[in-house]
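Novice: Please find run_34.txt (compact mmCIF, C-alpha atoms and all ligand atoms) on the next line:
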```txt
# COMPACT_ATOMS: atom_id res chain seq x y z
CA MET A 1 -86.23 -7.84 -246.79
CA ILE A 2 -84.30 -7.42 -243.55
CA ARG A 3 -86.12 -7.64 -240.22
CA ILE A 4 -84.56 -5.57 -237.45
CA ALA A 5 -85.41 -6.09 -233.76
CA LEU A 6 -85.04 -2.98 -231.62
CA THR A 7 -84.93 -3.04 -227.83
CA LYS A 8 -87.98 -1.10 -226.58
CA GLY A 9 -87.40 2.03 -224.51
CA ARG A 10 -84.22 4.10 -224.28
CA ILE A 11 -82.34 2.13 -226.97
CA GLU A 12 -85.37 2.23 -229.30
CA GLU A 13 -85.49 6.04 -229.24
CA LYS A 14 -81.82 6.40 -230.18
CA ALA A 15 -82.00 3.59 -232.74
CA VAL A 16 -85.01 5.18 -234.46
CA GLU A 17 -83.12 8.50 -234.59
CA LEU A 18 -80.18 6.69 -236.17
CA LEU A 19 -82.42 5.02 -238.79
CA GLU A 20 -83.88 8.44 -239.63
CA LYS A 21 -80.38 9.88 -240.09
CA CYS A 22 -79.65 6.98 -242.45
CA GLY A 23 -82.51 8.30 -244.62
CA TYR A 24 -85.24 5.78 -243.71
CA ASP A 25 -88.85 6.92 -243.30
CA ILE A 26 -89.52 6.32 -239.61
CA SER A 27 -92.83 8.28 -239.37
CA GLU A 28 -94.81 5.14 -238.42
CA LEU A 29 -92.39 4.44 -235.56
CA ARG A 30 -92.89 7.95 -234.24
CA ASN A 31 -96.68 7.46 -234.00
CA LYS A 32 -96.64 3.82 -233.11
CA GLY A 33 -99.33 3.48 -230.41
CA ARG A 34 -99.24 -0.12 -229.17
CA LYS A 35 -98.14 -1.58 -232.52
CA LEU A 36 -95.04 -3.80 -232.39
CA ILE A 37 -94.10 -4.40 -236.04
CA PHE A 38 -93.58 -1.86 -238.84
CA ARG A 39 -92.54 -1.84 -242.48
CA LEU A 40 -90.47 1.28 -243.15
CA THR A 41 -92.20 2.94 -246.12
CA GLY A 42 -90.14 2.86 -249.31
CA SER A 43 -87.55 0.46 -247.93
CA ASP A 44 -86.91 -3.27 -247.58
CA ILE A 45 -86.73 -2.98 -243.80
CA GLU A 46 -89.18 -4.26 -241.22
CA VAL A 47 -88.77 -3.15 -237.59
CA VAL A 48 -89.88 -5.21 -234.60
CA LEU A 49 -89.99 -3.83 -231.04
CA ALA A 50 -89.09 -6.27 -228.26
CA LYS A 51 -87.61 -6.57 -224.79
CA ALA A 52 -83.82 -6.79 -224.67
CA ALA A 53 -83.47 -10.52 -223.96
CA ASP A 54 -86.18 -11.31 -226.54
CA VAL A 55 -84.26 -9.37 -229.22
CA LEU A 56 -81.45 -11.92 -228.76
CA THR A 57 -83.91 -14.84 -228.84
CA TYR A 58 -85.47 -13.64 -232.12
CA ILE A 59 -82.01 -13.21 -233.65
CA GLU A 60 -80.80 -16.59 -232.37
CA HIS A 61 -83.82 -18.34 -233.92
CA GLY A 62 -83.36 -16.46 -237.20
CA VAL A 63 -86.81 -14.82 -237.27
CA CYS A 64 -85.08 -11.44 -237.10
CA ASP A 65 -81.88 -10.79 -239.05
CA VAL A 66 -80.47 -7.84 -237.16
CA GLY A 67 -80.89 -6.51 -233.65
CA VAL A 68 -80.09 -3.43 -231.61
CA VAL A 69 -79.48 -4.37 -228.00
CA GLY A 70 -77.40 -3.34 -225.00
CA GLU A 71 -74.07 -5.07 -224.50
CA ASP A 72 -75.23 -5.76 -220.93
CA THR A 73 -77.84 -8.19 -222.31
CA ILE A 74 -75.33 -9.72 -224.75
CA LEU A 75 -72.87 -10.39 -221.89
CA GLU A 76 -75.60 -11.89 -219.71
CA TYR A 77 -77.09 -14.30 -222.27
CA GLU A 78 -74.05 -15.22 -224.40
CA LYS A 79 -76.09 -16.28 -227.45
CA PRO A 80 -74.49 -17.42 -230.71
CA LEU A 81 -74.64 -14.33 -232.95
CA TYR A 82 -72.37 -11.83 -234.66
CA GLU A 83 -71.75 -8.63 -232.75
CA MET A 84 -71.11 -6.22 -235.61
CA MET A 85 -70.94 -2.67 -234.34
CA ASP A 86 -70.72 -0.38 -231.37
CA LEU A 87 -73.55 2.05 -232.10
CA GLY A 88 -72.06 4.69 -229.82
CA PHE A 89 -75.17 5.30 -227.70
CA GLY A 90 -76.68 3.66 -224.61
CA LYS A 91 -73.34 4.12 -222.89
CA CYS A 92 -73.32 2.96 -219.29
CA ARG A 93 -71.33 0.59 -217.11
CA PHE A 94 -71.75 -2.47 -214.97
CA ALA A 95 -70.91 -1.67 -211.36
CA LEU A 96 -70.93 -3.20 -207.93
CA ALA A 97 -72.93 -0.86 -205.69
CA GLY A 98 -74.38 -0.75 -202.21
CA LEU A 99 -75.41 1.48 -199.34
CA LYS A 100 -73.39 4.67 -199.15
CA GLY A 101 -70.41 4.36 -196.81
CA GLY A 102 -70.65 0.55 -196.73
CA ASP A 103 -67.56 -1.67 -196.88
CA PHE A 104 -68.47 -4.61 -199.11
CA TYR A 105 -65.34 -6.64 -198.39
CA ALA A 106 -65.45 -6.17 -194.59
CA GLY A 107 -65.74 -9.32 -192.49
CA TYR A 108 -65.56 -12.95 -193.54
CA SER A 109 -69.25 -13.66 -194.04
CA HIS A 110 -70.61 -15.00 -197.31
CA LYS A 111 -71.87 -12.04 -199.39
CA LYS A 112 -75.24 -11.87 -201.09
CA ILE A 113 -75.59 -10.00 -204.41
CA ALA A 114 -78.93 -8.92 -205.88
CA THR A 115 -78.95 -8.47 -209.65
CA LYS A 116 -80.86 -8.62 -212.92
CA TYR A 117 -77.62 -10.07 -214.39
CA PRO A 118 -76.76 -13.28 -212.46
CA ASN A 119 -74.25 -14.54 -215.07
CA VAL A 120 -72.37 -11.26 -215.27
CA ALA A 121 -72.24 -11.07 -211.45
CA LYS A 122 -71.10 -14.72 -211.11
CA LYS A 123 -68.36 -14.27 -213.69
CA TYR A 124 -67.11 -11.09 -212.05
CA PHE A 125 -66.76 -12.65 -208.61
CA ASN A 126 -65.37 -15.91 -210.06
CA SER A 127 -62.63 -13.87 -211.72
CA LYS A 128 -61.79 -12.45 -208.30
CA GLY A 129 -61.94 -15.93 -206.69
CA ILE A 130 -64.76 -14.83 -204.38
CA ASP A 131 -67.68 -17.13 -203.62
CA ILE A 132 -71.01 -15.28 -203.45
CA GLU A 133 -74.72 -15.97 -203.34
CA ILE A 134 -76.88 -14.46 -206.08
CA VAL A 135 -80.49 -13.34 -205.72
CA LYS A 136 -82.17 -12.68 -209.09
CA ILE A 137 -84.26 -9.51 -209.14
CA GLU A 138 -86.34 -8.38 -212.14
CA GLY A 139 -86.06 -4.59 -211.78
CA SER A 140 -85.42 -1.68 -209.39
CA VAL A 141 -82.65 -3.80 -207.92
CA GLU A 142 -81.52 -0.79 -205.82
CA LEU A 143 -84.24 -1.80 -203.34
CA ALA A 144 -82.43 -5.00 -202.34
CA PRO A 145 -79.64 -3.48 -200.15
CA ILE A 146 -82.12 -1.00 -198.63
CA LEU A 147 -84.46 -3.83 -197.66
CA GLU A 148 -81.42 -5.83 -196.43
CA LEU A 149 -82.04 -8.62 -198.91
CA ALA A 150 -78.46 -8.27 -200.21
CA ASP A 151 -75.06 -6.82 -199.28
CA ALA A 152 -74.71 -5.18 -202.69
CA ILE A 153 -76.02 -5.13 -206.26
CA VAL A 154 -74.44 -5.69 -209.66
CA ASP A 155 -76.31 -3.46 -212.09
CA ILE A 156 -75.91 -0.99 -214.93
CA VAL A 157 -75.28 2.61 -213.97
CA GLU A 158 -75.82 5.37 -216.49
CA THR A 159 -76.17 8.79 -214.83
CA GLY A 160 -75.91 7.43 -211.27
CA SER A 161 -79.17 9.20 -210.27
CA THR A 162 -81.03 6.04 -209.27
CA LEU A 163 -78.21 5.03 -206.90
CA LYS A 164 -77.88 8.54 -205.49
CA GLU A 165 -81.59 9.11 -204.94
CA ASN A 166 -81.78 5.87 -203.02
CA GLY A 167 -78.74 6.39 -200.78
CA LEU A 168 -76.47 3.98 -202.68
CA GLU A 169 -73.04 4.43 -204.27
CA VAL A 170 -70.73 2.61 -206.67
CA TYR A 171 -68.16 0.43 -204.87
CA GLU A 172 -66.40 -0.79 -208.04
CA ASP A 173 -66.77 -0.29 -211.77
CA ILE A 174 -66.92 -3.62 -213.57
CA ILE A 175 -67.05 -2.97 -217.32
CA PRO A 176 -68.36 -0.25 -219.68
CA VAL A 177 -71.19 -1.24 -222.05
CA SER A 178 -73.07 0.37 -224.96
CA ALA A 179 -75.71 -0.41 -227.59
CA ARG A 180 -74.60 -2.94 -230.21
CA LEU A 181 -75.74 -4.09 -233.62
CA VAL A 182 -76.03 -7.88 -233.69
CA VAL A 183 -76.69 -10.14 -236.67
CA ASN A 184 -78.00 -13.70 -237.04
CA THR A 185 -75.20 -15.96 -238.27
CA ALA A 186 -77.17 -17.38 -241.24
CA SER A 187 -78.58 -13.96 -242.28
CA MET A 188 -75.00 -12.69 -242.41
CA LYS A 189 -74.41 -15.13 -245.30
CA LEU A 190 -77.86 -15.25 -246.94
CA LYS A 191 -78.56 -11.50 -246.86
CA LYS A 192 -74.95 -10.32 -246.99
CA GLY A 193 -75.54 -7.47 -249.47
CA GLU A 194 -78.57 -5.98 -247.67
CA ILE A 195 -76.90 -6.25 -244.27
CA GLU A 196 -73.66 -4.71 -245.50
CA THR A 197 -75.62 -1.80 -247.04
CA LEU A 198 -77.35 -1.18 -243.70
CA ILE A 199 -74.08 -1.42 -241.77
CA SER A 200 -72.32 0.97 -244.11
CA LYS A 201 -75.18 3.55 -243.81
CA LEU A 202 -75.08 3.24 -240.02
CA SER A 203 -71.32 3.58 -239.81
CA ASP A 204 -71.31 6.64 -242.12
CA VAL A 205 -73.81 8.40 -239.82
CA ILE A 206 -71.91 7.37 -236.66
CA LYS A 207 -68.58 8.48 -238.14
CA SER A 208 -69.98 11.86 -239.25
CA GLU A 209 -71.38 12.42 -235.73
CA ASN A 210 -68.04 11.64 -234.10
CA LYS A 211 -66.11 14.11 -236.27
C1 LIG B 1 -81.59 0.75 -215.14
C2 LIG B 1 -80.66 0.19 -214.07
C3 LIG B 1 -80.73 1.23 -212.99
C4 LIG B 1 -80.92 2.51 -213.78
C5 LIG B 1 -79.57 3.21 -213.92
O1 LIG B 1 -82.88 0.40 -214.82
O2 LIG B 1 -81.06 -1.10 -213.66
O3 LIG B 1 -81.82 1.01 -212.12
O4 LIG B 1 -81.39 2.16 -215.08
O5 LIG B 1 -79.70 4.46 -214.57
P1 LIG B 1 -79.14 5.79 -213.91
O6 LIG B 1 -77.73 5.50 -213.46
O7 LIG B 1 -79.18 6.79 -215.03
O8 LIG B 1 -80.03 6.18 -212.77
P2 LIG B 1 -84.11 0.59 -215.81
O9 LIG B 1 -84.46 2.03 -215.93
O10 LIG B 1 -83.79 -0.09 -217.08
O11 LIG B 1 -85.34 -0.06 -215.04
P3 LIG B 1 -85.52 -1.43 -214.21
O12 LIG B 1 -84.67 -1.34 -212.97
O13 LIG B 1 -86.97 -1.46 -213.89
O14 LIG B 1 -85.08 -2.56 -215.10
```
Give the structure from this file in structure tokens form.
Ligand code: PRP

Specialist:
Amino acid sequence: MIRIALTKGRIEEKAVELLEKCGYDISELRNKGRKLIFRLTGSDIEVVLAKAADVLTYIEHGVCDVGVVGEDTILEYEKPLYEMMDLGFGKCRFALAGLKGGDFYAGYSHKKIATKYPNVAKKYFNSKGIDIEIVKIEGSVELAPILELADAIVDIVETGSTLKENGLEVYEDIIPVSARLVVNTASMKLKKGEIETLISKLSDVIKSENK
């Protein structure tokens, strides 16, 4: 049996579609209600639904073998696991953004960055040799510059609508990210055959879609 942890929400929808295209029976996942764990009928796969950071925790502790999670979360938490595949969906980018028309680098004052990704933000400014202050925000981080809590945000941008509708704009693109398949290091050895079968099914579907 392989246990797969899927990140709830946008990634879950695409991942479930992908599992269906691989030939798995995902009917239970379509009518899931509030249930969080599912055995895919007729297969040796169990699916668990979790928040992004928790997907990595379950993989790290070996209670889930495989995970589907955004690269944004992988970059933020830097857990010991194998990153096996770019799944080709959940494409977005990390960006530095702030109030429209603002000049982030103007003046000599110490800048404050609001973000859900403090490590990614720290690393980005370290690489530029710029000292900044980080304020950790749990969601809707676009509010921080509007409320004058921060000079800018480091966040993921997909369509750009959230920035636009709140009077913000991208100042700099940082790095593109997408959904990834990650695997627990021990499972990769102990369940090699099962995991390789899953990976080969996934890559066949992804390749046929990219033709
Ligand atoms: C993410 C991100 C932005 C938004 C970007 O938030 O933090 O707010 O999506 O998407 P867009 O460019 O297509 O508008 P999410 O929806 O995950 O919610 P959260 O801020 O509550 O975490």

Novice: Using only C-alpha atoms and all ligand atoms, find each protein or nucleic acid residue lying at most 10 Å from ligand LIG 1 (chain B); present the set as a list in words.

Specialist: Gly9, Arg10, Cys92, Arg93, Phe94, Thr115, Lys116, Tyr117, Ile137, Glu138, Gly139, Ser140, Val141, Glu142, Leu143, Ile153, Val154, Asp155, Ile156, Val157, Glu158, Thr159, Gly160, Ser161, Thr162, Leu163, Lys164, Glu165 and Asn166 of chain A

Novice: So how far away is atom CA of A:Met85 from atom CA of A:Lys32, in Å?

Specialist: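 One can read the atom CA of A:Lys32 to atom CA of A:Met85 distance as 26.5 Å.
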
Novice: So which residues touch A:Glu133 within 12 Å, counting only C-alpha atoms, skipping near sequence neighbours fewer than 5 positions away, as a list in words?

Specialist: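 Everything that qualifies: Ser109, His110, Lys111, Lys112, Ile113, Ala114, Thr115, Pro118, Asn119, Ala121, Lys122, Phe125, Asn126, Leu149, Ala150, Asp151, Ala152 and Ile153 of chain A.
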
Novice: Compile the contact shell of A:Leu56 as a ChimeraX atom specification: residues with an atom at most 9 Å away, counting all atoms listed in the file, same-chain residues fewer than 2 positions apart removed.

Specialist: /A:5,52-54,58-61,67,69,73-74,77,79,81,182

Novice: So how far away is atom CA of A:Lys189 from atom CA of A:Leu202, in Å?

Specialist: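 That distance, rounded to one decimal, is 19.1 Å.
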
Novice: Could you tell me how far atom CA of A:Leu147 sits from atom CA of A:Leu99, in Å to one decimal place?

Specialist: 10.6 Å

Novice: Dig up all the protein and nucleic acid residues within 12 Å of (-74.2, 6.4, -226.2) in the file frame, using only C-alpha atoms, and format them as a list of chain:residue names.

Specialist: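 Output of the proximity query reads A:Arg10, A:Ile11, A:Glu13, A:Lys14, A:Ala15, A:Leu18, A:Gly70, A:Glu71, A:Asp86, A:Leu87, A:Gly88, A:Phe89, A:Gly90, A:Lys91, A:Cys92, A:Arg93, A:Glu158, A:Thr159, A:Pro176, A:Val177, A:Ser178, A:Ala179, A:Arg180, A:Ile206, A:Glu209, A:Asn210.
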
Novice: Counting all atoms listed in the file, which residues have an atom no more than 7 Å from (-90.8, -3.7, -224.6) in the file's coordinates? Please list them as a list in words.

Specialist: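 Protein and nucleic acid residues near the point are Thr7, Lys8, Gly9, Leu49, Ala50 and Lys51 of chain A.
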
Novice: Where's the centre, and what are the edge lengths in Å to one decimal, of a box along x, y and z enclosing all listed atoms of stretch 116-129 of chain A padded 3 Å per side, as JSON?

Specialist:
```
{"center_x": -71.3, "center_y": -12.3, "center_z": -211.0, "size_x": 25.1, "size_y": 13.3, "size_z": 14.6}
```

Novice: Using only C-alpha atoms, which of the listed residues (A:Glu194, A:Asp65, A:Asp44, A:Asp72) sits closest to A:Ala95?

Specialist: A:Asp72

Novice: Between A:Ile134, A:Ile4, A:Leu96, A:Met188, which one has atoms that come closest to A:Glu169, using all atoms listed in the file?

Specialist: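 The answer is A:Leu96, which sits nearest to A:Glu169.
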
Novice: Of the residues A:Ala186, A:Ala97, A:Ile130, A:Leu198, which is the one nearest to A:Tyr171, using only C-alpha atoms?

Specialist: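 When distances to A:Tyr171 are compared using only C-alpha atoms, the smallest one comes from A:Ala97.
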
Novice: Compare A:Cys22, A:Leu6, A:Leu181, A:Ile175 by their minimum atom-to-atom distance to A:Lys201, counting all atoms listed in the file, and give me the closest one.

Specialist: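 Of all the options, A:Cys22 lies closest to A:Lys201.
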
Novice: Supply stretch 102-124 of chain A as a short mmCIF file (atom, residue, chain, number, x, y, z; two decimals), in the coordinates of the input, with N, CA, C and O atoms built in where the input has gaps.

Specialist:
```cif
data_model
loop_
_atom_site.label_atom_id
_atom_site.label_comp_id
_atom_site.auth_asym_id
_atom_site.auth_seq_id
_atom_site.Cartn_x
_atom_site.Cartn_y
_atom_site.Cartn_z
N GLY A 102 -70.82 1.97 -197.08
CA GLY A 102 -70.65 0.55 -196.73
C GLY A 102 -69.30 0.01 -197.18
O GLY A 102 -68.69 0.57 -198.09
N ASP A 103 -68.83 -1.04 -196.49
CA ASP A 103 -67.56 -1.67 -196.88
C ASP A 103 -67.86 -3.11 -197.28
O ASP A 103 -67.97 -3.99 -196.42
N PHE A 104 -68.01 -3.32 -198.60
CA PHE A 104 -68.47 -4.61 -199.11
C PHE A 104 -67.57 -5.76 -198.68
O PHE A 104 -68.05 -6.85 -198.37
N TYR A 105 -66.26 -5.54 -198.66
CA TYR A 105 -65.34 -6.64 -198.39
C TYR A 105 -65.04 -6.83 -196.90
O TYR A 105 -64.24 -7.69 -196.53
N ALA A 106 -65.71 -6.03 -196.04
CA ALA A 106 -65.45 -6.17 -194.59
C ALA A 106 -65.98 -7.50 -194.09
O ALA A 106 -67.01 -8.00 -194.56
N GLY A 107 -65.27 -8.09 -193.13
CA GLY A 107 -65.74 -9.32 -192.49
C GLY A 107 -65.52 -10.54 -193.36
O GLY A 107 -65.08 -10.43 -194.51
N TYR A 108 -65.82 -11.69 -192.83
CA TYR A 108 -65.56 -12.95 -193.54
C TYR A 108 -66.84 -13.63 -194.01
O TYR A 108 -66.82 -14.70 -194.59
N SER A 109 -67.99 -12.97 -193.73
CA SER A 109 -69.25 -13.66 -194.04
C SER A 109 -69.45 -13.75 -195.56
O SER A 109 -68.94 -12.94 -196.33
N HIS A 110 -70.22 -14.73 -195.95
CA HIS A 110 -70.61 -15.00 -197.31
C HIS A 110 -71.47 -13.84 -197.80
O HIS A 110 -72.44 -13.48 -197.14
N LYS A 111 -71.12 -13.22 -198.94
CA LYS A 111 -71.87 -12.04 -199.39
C LYS A 111 -73.00 -12.43 -200.35
O LYS A 111 -72.89 -13.37 -201.13
N LYS A 112 -74.08 -11.64 -200.24
CA LYS A 112 -75.24 -11.87 -201.09
C LYS A 112 -75.36 -10.69 -202.07
O LYS A 112 -75.34 -9.54 -201.66
N ILE A 113 -75.49 -11.02 -203.36
CA ILE A 113 -75.59 -10.00 -204.41
C ILE A 113 -76.96 -10.09 -205.08
O ILE A 113 -77.34 -11.16 -205.56
N ALA A 114 -77.67 -8.98 -205.13
CA ALA A 114 -78.93 -8.92 -205.88
C ALA A 114 -78.64 -8.35 -207.26
O ALA A 114 -77.87 -7.38 -207.38
N THR A 115 -79.25 -8.93 -208.29
CA THR A 115 -78.95 -8.47 -209.65
C THR A 115 -79.97 -8.96 -210.67
O THR A 115 -80.60 -10.00 -210.49
N LYS A 116 -80.09 -8.17 -211.76
CA LYS A 116 -80.86 -8.62 -212.92
C LYS A 116 -79.95 -9.43 -213.84
O LYS A 116 -80.40 -9.95 -214.85
N TYR A 117 -78.64 -9.45 -213.52
CA TYR A 117 -77.62 -10.07 -214.39
C TYR A 117 -76.83 -11.13 -213.63
O TYR A 117 -75.63 -10.94 -213.34
N PRO A 118 -77.45 -12.28 -213.28
CA PRO A 118 -76.76 -13.28 -212.46
C PRO A 118 -75.47 -13.82 -213.12
O PRO A 118 -74.49 -14.04 -212.40
N ASN A 119 -75.46 -13.99 -214.43
CA ASN A 119 -74.25 -14.54 -215.07
C ASN A 119 -73.09 -13.56 -215.04
O ASN A 119 -71.95 -13.94 -214.79
N VAL A 120 -73.41 -12.29 -215.30
CA VAL A 120 -72.37 -11.26 -215.27
C VAL A 120 -71.80 -11.17 -213.85
O VAL A 120 -70.58 -11.13 -213.65
N ALA A 121 -72.68 -11.18 -212.86
CA ALA A 121 -72.24 -11.07 -211.45
C ALA A 121 -71.38 -12.28 -211.07
O ALA A 121 -70.30 -12.13 -210.49
N LYS A 122 -71.85 -13.49 -211.44
CA LYS A 122 -71.10 -14.72 -211.11
C LYS A 122 -69.71 -14.67 -211.71
O LYS A 122 -68.72 -14.97 -211.06
N LYS A 123 -69.65 -14.30 -212.99
CA LYS A 123 -68.36 -14.27 -213.69
C LYS A 123 -67.41 -13.26 -213.05
O LYS A 123 -66.22 -13.52 -212.90
N TYR A 124 -67.94 -12.12 -212.66
CA TYR A 124 -67.11 -11.09 -212.05
C TYR A 124 -66.49 -11.59 -210.74
O TYR A 124 -65.28 -11.47 -210.54
#
```
